[in-house]
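Have a look at upload-v6.txt; it's compact mmCIF, C-alpha atoms:
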```txt
# COMPACT_ATOMS: atom_id res chain seq x y z
CA MET A 28 159.49 75.34 -36.91
CA LEU A 29 156.40 77.14 -35.65
CA GLN A 30 154.89 75.72 -32.48
CA ASP A 31 151.29 75.74 -31.28
CA LYS A 32 150.61 78.74 -29.03
CA ASP A 33 149.21 78.46 -25.54
CA THR A 34 146.46 80.76 -24.22
CA THR A 35 148.92 83.45 -23.12
CA GLY A 36 150.23 84.02 -26.60
CA ALA A 37 153.51 82.25 -25.86
CA SER A 38 154.40 79.07 -27.69
CA SER A 39 154.82 75.64 -26.12
CA GLY A 40 158.24 75.54 -27.81
CA GLY A 41 160.62 78.42 -28.41
CA TRP A 42 158.45 80.70 -30.53
CA ALA A 43 156.18 83.47 -29.22
CA GLU A 44 153.86 85.85 -31.00
CA PRO A 45 154.48 89.50 -30.09
CA ARG A 46 152.03 90.52 -27.39
CA ALA A 47 149.81 93.50 -28.14
CA THR A 48 150.71 96.33 -25.78
CA ALA A 49 148.10 98.81 -27.01
CA VAL A 50 144.53 98.69 -28.24
CA LEU A 51 142.12 101.05 -29.94
CA VAL A 52 138.54 100.18 -28.99
CA LEU A 53 135.87 101.82 -31.13
CA GLN A 54 132.37 102.70 -29.98
CA ASP A 55 130.87 99.82 -32.00
CA GLY A 56 133.05 97.31 -30.13
CA THR A 57 135.73 96.92 -32.80
CA VAL A 58 139.14 96.23 -31.23
CA LEU A 59 142.37 97.03 -33.05
CA GLU A 60 145.54 95.66 -31.48
CA GLY A 61 149.00 97.14 -31.85
CA PHE A 62 152.12 98.14 -30.00
CA GLY A 63 152.16 100.96 -27.51
CA ILE A 64 154.10 104.16 -28.00
CA GLY A 65 154.16 107.34 -25.98
CA ALA A 66 152.47 107.58 -22.61
CA VAL A 67 151.18 104.57 -20.70
CA GLY A 68 147.51 104.72 -19.78
CA GLU A 69 144.17 105.37 -21.42
CA ALA A 70 142.65 108.27 -23.34
CA THR A 71 139.33 108.86 -25.05
CA GLY A 72 138.35 110.88 -28.08
CA GLU A 73 136.89 111.06 -31.54
CA VAL A 74 139.04 109.24 -34.12
CA CYS A 75 139.89 111.17 -37.28
CA PHE A 76 142.47 110.64 -39.99
CA ASN A 77 145.05 113.15 -41.21
CA THR A 78 146.55 112.84 -44.68
CA ALA A 79 149.56 115.13 -44.14
CA MET A 80 152.97 113.65 -44.97
CA THR A 81 154.91 116.17 -42.92
CA GLY A 82 154.36 118.46 -39.96
CA TYR A 83 153.29 115.82 -37.45
CA GLN A 84 154.67 117.78 -34.50
CA GLU A 85 152.67 120.86 -35.46
CA ILE A 86 149.57 118.68 -35.90
CA LEU A 87 150.02 116.98 -32.55
CA THR A 88 150.27 120.36 -30.78
CA ASP A 89 147.40 122.06 -32.62
CA PRO A 90 144.83 122.97 -29.94
CA SER A 91 142.07 122.42 -32.52
CA TYR A 92 142.60 118.67 -32.04
CA ALA A 93 141.44 118.75 -28.42
CA GLY A 94 139.19 115.78 -27.82
CA GLN A 95 140.45 113.78 -30.80
CA ILE A 96 142.65 110.79 -31.60
CA ILE A 97 144.63 111.25 -34.81
CA THR A 98 145.29 108.44 -37.26
CA PHE A 99 148.06 109.37 -39.69
CA THR A 100 147.52 107.89 -43.14
CA PHE A 101 151.17 108.43 -44.07
CA PRO A 102 152.96 105.34 -42.71
CA HIS A 103 156.32 106.79 -41.66
CA ILE A 104 155.67 109.25 -38.83
CA GLY A 105 158.57 110.17 -36.53
CA ASN A 106 161.46 109.91 -38.97
CA VAL A 107 162.64 113.48 -38.39
CA GLY A 108 162.16 113.38 -34.63
CA THR A 109 160.97 116.40 -32.69
CA ASN A 110 162.41 119.75 -31.67
CA GLU A 111 161.62 122.64 -29.39
CA GLU A 112 160.50 125.00 -32.16
CA ASP A 113 157.75 123.23 -34.12
CA ILE A 114 155.11 123.50 -31.42
CA GLU A 115 151.83 125.22 -32.21
CA SER A 116 150.17 125.46 -28.79
CA VAL A 117 151.14 128.73 -27.11
CA ASN A 118 151.76 127.01 -23.78
CA ALA A 119 154.58 124.62 -24.72
CA ALA A 120 154.21 122.75 -21.44
CA SER A 121 150.49 122.17 -21.92
CA SER A 122 149.11 118.74 -22.72
CA SER A 123 146.08 120.27 -24.41
CA GLY A 124 145.27 119.22 -27.92
CA VAL A 125 145.28 115.70 -29.30
CA ARG A 126 144.26 112.88 -26.95
CA GLY A 127 145.98 110.03 -28.78
CA VAL A 128 147.82 109.03 -31.95
CA VAL A 129 147.64 105.96 -34.21
CA LEU A 130 150.48 105.03 -36.59
CA ALA A 131 151.12 102.28 -39.11
CA ALA A 132 154.88 101.83 -38.73
CA THR A 133 157.10 101.71 -35.68
CA ILE A 134 158.82 104.98 -34.80
CA THR A 135 162.41 105.00 -36.06
CA GLU A 136 165.46 106.85 -34.83
CA PRO A 137 165.26 110.52 -35.90
CA SER A 138 167.26 111.68 -38.89
CA ASN A 139 167.19 115.46 -39.03
CA TRP A 140 169.62 118.17 -37.99
CA ARG A 141 166.93 120.00 -35.99
CA ALA A 142 165.87 116.97 -33.92
CA SER A 143 166.39 117.14 -30.16
CA ARG A 144 164.65 113.86 -29.26
CA ASP A 145 162.64 111.08 -30.85
CA LEU A 146 158.87 111.13 -31.21
CA ASP A 147 158.27 108.37 -28.66
CA ALA A 148 160.05 110.28 -25.88
CA TRP A 149 158.26 113.46 -26.92
CA LEU A 150 154.85 111.75 -26.75
CA LYS A 151 155.67 110.46 -23.28
CA ALA A 152 156.67 113.95 -22.12
CA ARG A 153 153.36 115.37 -23.35
CA SER A 154 151.27 112.49 -21.93
CA ILE A 155 149.96 111.45 -25.35
CA VAL A 156 148.95 107.78 -25.59
CA GLY A 157 149.91 106.16 -28.88
CA LEU A 158 149.64 102.93 -30.84
CA SER A 159 151.57 101.64 -33.86
CA GLY A 160 151.50 98.53 -36.00
CA ILE A 161 147.92 98.53 -37.29
CA ASP A 162 146.51 98.81 -40.80
CA THR A 163 145.77 102.53 -40.85
CA ARG A 164 144.41 102.23 -44.39
CA ALA A 165 141.65 99.94 -43.12
CA LEU A 166 140.89 102.31 -40.23
CA THR A 167 140.77 105.26 -42.64
CA ALA A 168 138.37 103.35 -44.91
CA LEU A 169 136.18 102.62 -41.90
CA ILE A 170 136.05 106.33 -41.00
CA ARG A 171 135.34 107.20 -44.63
CA ASP A 172 132.40 104.79 -44.73
CA LYS A 173 130.96 105.18 -41.22
CA GLY A 174 132.14 108.57 -40.02
CA MET A 175 134.44 109.52 -37.14
CA PRO A 176 133.86 107.14 -34.21
CA ASN A 177 134.49 107.72 -30.54
CA ALA A 178 137.11 105.40 -29.10
CA VAL A 179 139.35 104.51 -26.18
CA ILE A 180 143.06 104.16 -26.81
CA ALA A 181 144.99 102.22 -24.16
CA HIS A 182 148.68 101.41 -23.69
CA ASP A 183 149.94 98.85 -21.19
CA PRO A 184 153.50 97.46 -21.60
CA GLU A 185 152.28 94.19 -20.06
CA GLY A 186 149.41 93.90 -22.52
CA ARG A 187 146.72 93.58 -19.87
CA PHE A 188 143.38 94.99 -21.02
CA ASP A 189 139.85 94.60 -19.75
CA LEU A 190 138.28 94.70 -23.20
CA ASN A 191 134.71 94.52 -21.94
CA ALA A 192 135.28 97.57 -19.75
CA LEU A 193 136.99 99.45 -22.60
CA LYS A 194 134.13 98.62 -24.97
CA ALA A 195 131.59 99.89 -22.46
CA ARG A 196 133.58 103.06 -21.93
CA ALA A 197 133.89 103.70 -25.68
CA ALA A 198 130.17 103.10 -26.25
CA ALA A 199 129.25 105.59 -23.51
CA LEU A 200 131.35 108.49 -24.81
CA PRO A 201 129.35 111.58 -25.81
CA SER A 202 129.25 112.83 -29.38
CA MET A 203 131.33 115.83 -30.40
CA ASP A 204 128.02 117.52 -31.19
CA GLY A 205 127.23 120.07 -28.50
CA GLN A 206 130.68 120.02 -26.88
CA ASP A 207 132.39 123.33 -26.13
CA LEU A 208 136.06 122.33 -25.87
CA VAL A 209 137.49 125.83 -26.11
CA PRO A 210 137.83 126.21 -22.30
CA LEU A 211 140.39 123.37 -22.41
CA VAL A 212 142.75 125.28 -24.69
CA THR A 213 142.13 129.03 -24.43
CA SER A 214 144.52 131.29 -22.55
CA ALA A 215 143.72 132.13 -18.94
CA GLN A 216 144.66 135.79 -19.22
CA ARG A 217 145.53 138.55 -21.66
CA TYR A 218 149.05 138.76 -23.07
CA ASP A 219 151.05 140.51 -25.80
CA TRP A 220 152.77 138.67 -28.66
CA ASP A 221 155.84 139.96 -30.55
CA GLU A 222 157.49 136.82 -32.02
CA THR A 223 157.75 136.74 -35.82
CA THR A 224 158.38 133.93 -38.30
CA TRP A 225 161.29 131.48 -38.46
CA THR A 226 164.31 131.86 -40.73
CA ARG A 227 167.13 129.36 -41.14
CA GLY A 228 170.18 130.20 -39.10
CA GLU A 229 168.34 132.76 -37.01
CA GLY A 230 165.26 131.02 -35.65
CA TYR A 231 162.27 133.14 -34.71
CA GLY A 232 162.53 136.91 -34.80
CA HIS A 233 160.93 139.66 -32.74
CA GLN A 234 159.23 142.90 -33.69
CA SER A 235 161.09 146.19 -33.64
CA GLY A 236 160.23 149.74 -34.59
CA ASP A 237 156.82 151.30 -35.07
CA LEU A 238 153.88 148.97 -35.60
CA ARG A 239 151.12 149.78 -38.08
CA HIS A 240 148.04 148.40 -36.38
CA HIS A 241 146.81 147.02 -33.08
CA VAL A 242 145.13 143.63 -33.47
CA VAL A 243 143.21 141.95 -30.66
CA ALA A 244 143.23 138.18 -31.17
CA ILE A 245 140.43 136.26 -29.46
CA ASP A 246 141.96 132.94 -28.43
CA TYR A 247 139.70 129.93 -29.00
CA GLY A 248 142.83 127.75 -29.21
CA VAL A 249 145.16 129.88 -31.31
CA LYS A 250 148.21 128.49 -33.09
CA ARG A 251 151.58 130.15 -32.66
CA ASN A 252 152.26 130.64 -36.36
CA ILE A 253 149.06 132.63 -36.81
CA LEU A 254 150.28 135.08 -34.18
CA ARG A 255 153.73 135.15 -35.81
CA LEU A 256 152.29 136.08 -39.19
CA LEU A 257 150.19 138.83 -37.66
CA ALA A 258 153.32 140.12 -35.94
CA ARG A 259 155.35 139.88 -39.16
CA ALA A 260 152.68 141.95 -40.91
CA GLY A 261 153.56 144.83 -38.58
CA CYS A 262 150.71 144.42 -36.12
CA LYS A 263 150.88 144.89 -32.40
CA VAL A 264 149.14 141.73 -31.18
CA THR A 265 147.19 141.45 -27.94
CA VAL A 266 145.71 138.02 -27.20
CA VAL A 267 142.60 137.78 -25.01
CA PRO A 268 140.82 134.69 -23.64
CA ALA A 269 137.79 133.26 -25.43
CA THR A 270 135.61 134.48 -22.55
CA ALA A 271 136.63 138.13 -22.95
CA SER A 272 133.60 140.39 -23.15
CA ALA A 273 132.92 142.83 -25.96
CA GLU A 274 133.69 145.62 -23.51
CA ASP A 275 137.08 144.00 -22.76
CA VAL A 276 137.90 143.83 -26.46
CA LEU A 277 136.69 147.32 -27.37
CA ALA A 278 138.48 148.87 -24.38
CA LEU A 279 141.78 147.90 -26.03
CA LYS A 280 140.85 150.16 -28.99
CA PRO A 281 141.78 147.62 -31.67
CA ASP A 282 142.34 148.50 -35.31
CA GLY A 283 141.37 144.93 -36.09
CA VAL A 284 140.03 141.83 -34.37
CA PHE A 285 141.23 138.32 -35.17
CA LEU A 286 139.09 135.24 -34.44
CA SER A 287 141.28 132.19 -33.92
CA ASN A 288 141.02 128.48 -34.63
CA GLY A 289 139.88 126.07 -31.93
CA PRO A 290 138.22 122.72 -31.15
CA GLY A 291 134.72 121.38 -30.59
CA ASP A 292 131.24 122.23 -31.80
CA PRO A 293 131.12 125.84 -33.01
CA ALA A 294 127.45 126.18 -32.06
CA ALA A 295 128.32 125.42 -28.42
CA THR A 296 131.19 127.92 -28.34
CA GLY A 297 129.00 130.42 -30.16
CA GLU A 298 126.66 130.73 -27.19
CA TYR A 299 129.13 133.12 -25.55
CA ALA A 300 131.39 134.03 -28.51
CA VAL A 301 128.76 135.19 -31.01
CA PRO A 302 127.37 138.12 -28.96
CA VAL A 303 130.92 139.49 -28.61
CA ILE A 304 131.59 139.20 -32.34
CA ARG A 305 128.32 140.89 -33.20
CA LYS A 306 129.25 143.93 -31.13
CA VAL A 307 132.65 144.07 -32.84
CA LEU A 308 130.93 143.93 -36.22
CA ASP A 309 128.49 146.66 -35.18
CA GLU A 310 131.51 148.90 -34.54
CA LYS A 311 132.70 148.08 -38.09
CA ILE A 312 136.13 147.02 -36.83
CA PRO A 313 138.04 144.99 -39.48
CA THR A 314 137.69 141.33 -38.54
CA PHE A 315 139.47 138.20 -39.78
CA GLY A 316 138.70 134.62 -38.76
CA ILE A 317 140.42 131.27 -39.32
CA CYS A 318 138.90 127.78 -38.85
CA LEU A 319 136.67 127.97 -35.75
CA GLY A 320 136.96 131.75 -36.11
CA HIS A 321 135.43 131.39 -39.58
CA GLN A 322 132.57 129.42 -38.13
CA MET A 323 132.12 131.97 -35.32
CA LEU A 324 131.89 134.84 -37.82
CA SER A 325 129.37 132.87 -39.89
CA LEU A 326 127.24 132.13 -36.84
CA ALA A 327 127.42 135.80 -35.84
CA VAL A 328 125.76 136.86 -39.10
CA GLY A 329 123.04 134.22 -38.85
CA ALA A 330 124.41 131.17 -40.68
CA ARG A 331 124.46 127.66 -39.22
CA THR A 332 127.11 124.97 -38.93
CA LYS A 333 126.82 121.21 -39.35
CA LYS A 334 128.80 118.13 -38.35
CA MET A 335 130.82 116.61 -41.17
CA HIS A 336 130.90 112.90 -41.95
CA GLN A 337 134.68 112.49 -41.85
CA GLY A 338 135.91 116.04 -41.55
CA HIS A 339 138.85 117.63 -43.34
CA HIS A 340 142.25 116.89 -41.83
CA GLY A 341 145.39 117.19 -43.93
CA ALA A 342 147.88 119.44 -45.69
CA ASN A 343 146.91 118.75 -49.29
CA HIS A 344 143.38 120.14 -49.66
CA PRO A 345 142.68 122.18 -52.82
CA VAL A 346 140.55 125.27 -52.21
CA LYS A 347 139.38 127.71 -54.88
CA ASP A 348 139.38 131.44 -54.15
CA LYS A 349 136.26 132.50 -56.03
CA THR A 350 137.33 136.16 -55.92
CA THR A 351 140.46 135.50 -58.00
CA GLY A 352 139.85 132.10 -59.61
CA LYS A 353 143.09 130.78 -58.13
CA VAL A 354 143.42 127.41 -56.41
CA GLU A 355 145.39 127.09 -53.18
CA ILE A 356 146.80 123.95 -51.59
CA THR A 357 145.72 124.28 -48.00
CA SER A 358 146.03 122.74 -44.56
CA MET A 359 142.75 121.85 -42.89
CA ASN A 360 141.58 120.58 -39.54
CA HIS A 361 137.84 120.72 -38.92
CA GLY A 362 134.98 118.34 -38.21
CA PHE A 363 132.24 120.96 -38.58
CA ALA A 364 131.47 123.18 -41.57
CA VAL A 365 129.41 126.25 -42.35
CA ASP A 366 126.23 125.39 -44.24
CA PRO A 367 126.41 127.70 -47.29
CA ALA A 368 122.65 127.43 -47.81
CA THR A 369 122.15 129.34 -44.55
CA LEU A 370 124.45 132.28 -45.34
CA PRO A 371 122.58 135.60 -45.30
CA GLN A 372 122.61 138.00 -48.25
CA ASN A 373 125.38 140.11 -46.73
CA ALA A 374 127.74 137.10 -46.57
CA VAL A 375 129.38 136.14 -49.86
CA GLU A 376 131.01 132.73 -50.25
CA THR A 377 134.61 133.46 -51.26
CA HIS A 378 136.30 130.06 -50.98
CA VAL A 379 135.15 126.51 -51.68
CA SER A 380 136.70 123.06 -51.25
CA LEU A 381 137.48 121.31 -54.53
CA PHE A 382 137.24 117.95 -52.73
CA ASP A 383 133.59 118.13 -51.74
CA GLY A 384 132.31 121.63 -52.49
CA SER A 385 132.00 122.57 -48.82
CA ASN A 386 132.26 126.19 -47.75
CA CYS A 387 135.78 127.41 -47.00
CA GLY A 388 135.42 131.19 -46.72
CA ILE A 389 133.12 134.18 -46.57
CA SER A 390 133.30 137.95 -46.85
CA LEU A 391 130.71 140.43 -45.58
CA THR A 392 129.40 143.08 -47.94
CA ASP A 393 128.34 145.53 -45.25
CA ARG A 394 131.16 145.09 -42.75
CA PRO A 395 134.98 144.94 -43.15
CA ALA A 396 135.12 141.25 -42.21
CA PHE A 397 136.12 137.96 -43.83
CA SER A 398 137.19 134.47 -42.81
CA VAL A 399 138.47 131.15 -44.12
CA GLN A 400 137.94 127.59 -42.96
CA TYR A 401 141.50 126.44 -43.66
CA HIS A 402 144.86 127.30 -42.08
CA PRO A 403 146.84 129.81 -44.18
CA GLU A 404 149.62 129.96 -41.58
CA ALA A 405 150.44 126.23 -41.92
CA SER A 406 152.16 126.83 -45.29
CA PRO A 407 151.38 123.60 -47.15
CA GLY A 408 151.49 125.41 -50.52
CA PRO A 409 153.93 126.50 -49.03
CA GLN A 410 152.79 130.14 -48.93
CA ASP A 411 149.77 130.12 -51.24
CA SER A 412 147.51 131.59 -48.59
CA HIS A 413 149.69 134.15 -46.81
CA TYR A 414 147.97 136.87 -48.87
CA LEU A 415 145.06 136.64 -46.43
CA PHE A 416 147.10 138.37 -43.74
CA ASP A 417 147.89 141.14 -46.24
CA ARG A 418 144.18 141.36 -47.02
CA PHE A 419 143.48 141.86 -43.31
CA VAL A 420 146.10 144.62 -43.09
CA GLU A 421 144.58 146.30 -46.15
CA LEU A 422 141.19 146.36 -44.43
CA MET A 423 142.74 148.09 -41.43
CA ASP A 424 144.60 150.53 -43.68
CA ARG A 425 141.36 151.38 -45.46
CA LYS A 426 139.46 151.86 -42.22
CA LYS A 427 142.13 154.21 -40.86
CA ALA A 428 142.11 156.21 -44.09
CA GLN A 429 138.38 156.79 -43.64
CA THR A 430 138.74 158.23 -40.13
```
Show the structure stored in the file as structure tokens.
Amino acid sequence: MLQDKDTTGASSGGWAEPRATAVLVLQDGTVLEGFGIGAVGEATGEVCFNTAMTGYQEILTDPSYAGQIITFTFPHIGNVGTNEEDIESVNAASSSGVRGVVLAATITEPSNWRASRDLDAWLKARSIVGLSGIDTRALTALIRDKGMPNAVIAHDPEGRFDLNALKARAAALPSMDGQDLVPLVTSAQRYDWDETTWTRGEGYGHQSGDLRHHVVAIDYGVKRNILRLLARAGCKVTVVPATASAEDVLALKPDGVFLSNGPGDPAATGEYAVPVIRKVLDEKIPTFGICLGHQMLSLAVGARTKKMHQGHHGANHPVKDKTTGKVEITSMNHGFAVDPATLPQNAVETHVSLFDGSNCGISLTDRPAFSVQYHPEASPGPQDSHYLFDRFVELMDRKKAQT
């Protein structure tokens, strides 16, 4: 028989309600209680939702999520555990990327032949604060209606929380607008990359033989699989920090320049990135951008970006390639978008979201440059969008044929 509870949450008889060991406190004062997973402590960030059903380890290590707390809409996250291969941040030991994670169901024991440890232990090792046991559908509906809120996520095994202090902290957090988060995730120095894509039974490969082109990748928070696909395409890949000057980039004599994904407000990053890109474009060097790189290229030719209401985060987003009429199933992760109304005449919209009509790609008519908002390397289709890397190589082939 149920007994009346006392003020501590324990019953006066033999029954006790489970004590909340984690809370998510939104900027409007809303408090969601759950059970802590991952690291103990507090973290702050902008709460977004991700609709992907798979690939949670890649999502949680995507540097583009720096400054954010991810709510997974799929309830069963963690079932396949984690491994040492499905990490997207180049520095595997780095804690950069997502600030926190919110799940519906408790993490279960892993059931996959590639798993080396469970998700909870992995979150602890990467200092990611997590919470499970809440109605993620309700939280997703809130974000859909009101936009992505700032929040504090806190985990204490004893369930001791100063809610007033957490509410004040959440309310005082700055907006994502105007924040340049790239310095948190970019590389500190230049390096070469030669790892290629994964195959079953062999793992990741490495380049051998003569390479067709030299690509300089500007790292705003680059994902490993982007670099792997560039390497698989036969490119020698040199990665440079986001703060590299145009002179640094051009001194490497690239056949092509790649503009990577990354976090934060593109307009803020563009203050130092755009002048570099403009000089690359002036040299008519083939250029390819993904995600933040797409936004950087757009800003460089005079377009503007805008904050989205709820952003695009998931692995099931349909995008139409207007140059071919084909529809791709894409992976997306962005809270800002290029305003197509501000694109100049020399920038043609090539891709568009079939969810909301937002811009997802451009191509320049007077320069060998193009970009897409989504992540072709994430393979949700699974390989619908890999042609973009071939398109980049073709641009470099064409440029070399002209010289």
Atom pair CA of Ile96 in chain A / CA of Thr270 in chain A: separation (Å):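 Distance between the two atoms: 26.3 Å.
Proximity to Glu111 in chain A was assessed for A:Thr430, A:Thr133, A:Gln400, A:Thr88 counting only C-alpha atoms; the smallest distance is recorded for A:Thr88.
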Given only C-alpha atoms as the counted atoms, nearest of A:Val117, A:Leu257, A:Leu87, A:Met175 to Tyr414 in chain A: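 Selected residue with least distance to Tyr414 in chain A: A:Leu257.
Note that CA of Lys250 in chain A and CA of Lys426 in chain A are 26.6 Å apart.
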Residue neighbourhood range 199-202 of chain A, 12 Å, all atoms listed in the file, exclusion window fewer than 5 positions, as an NGL selection string: :A and (52-56 or 70-74 or 94-95 or 174-179 or 192-194 or 207 or 291-292 or 334 or 362)
Selected residue of minimal separation from Asp246 in chain A among A:Pro281, A:Val375, A:Ser91, A:Ile356, counting only C-alpha atoms: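 Of the candidates, the smallest distance to Asp246 in chain A is held by A:Ser91.
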Sel. within 9 Å of pt (154.0, 128.6, -42.3), counting all atoms listed in the file, output as a list in words: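 Taken together, the residues in range are Thr224, Trp225, Asn252, Ile253, Leu256, Pro403, Glu404, Ala405, Ser406, Pro407, Pro409, Gln410 and His413 of chain A.
If only C-alpha atoms are the atoms counted, then among A:Phe397, A:Trp149, A:Tyr83, A:Trp42 the closest residue to Leu130 in chain A is A:Tyr83.
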Minimum-distance residue to Gly205 in chain A, chosen among A:Arg394, A:Lys333, A:Arg418, A:His240 (using all atoms listed in the file): A:Lys333
A:Arg425, A:His378, A:His402, A:His340 ranked by distance to Lys311 in chain A, top pick (using all atoms listed in the file): A:Arg425
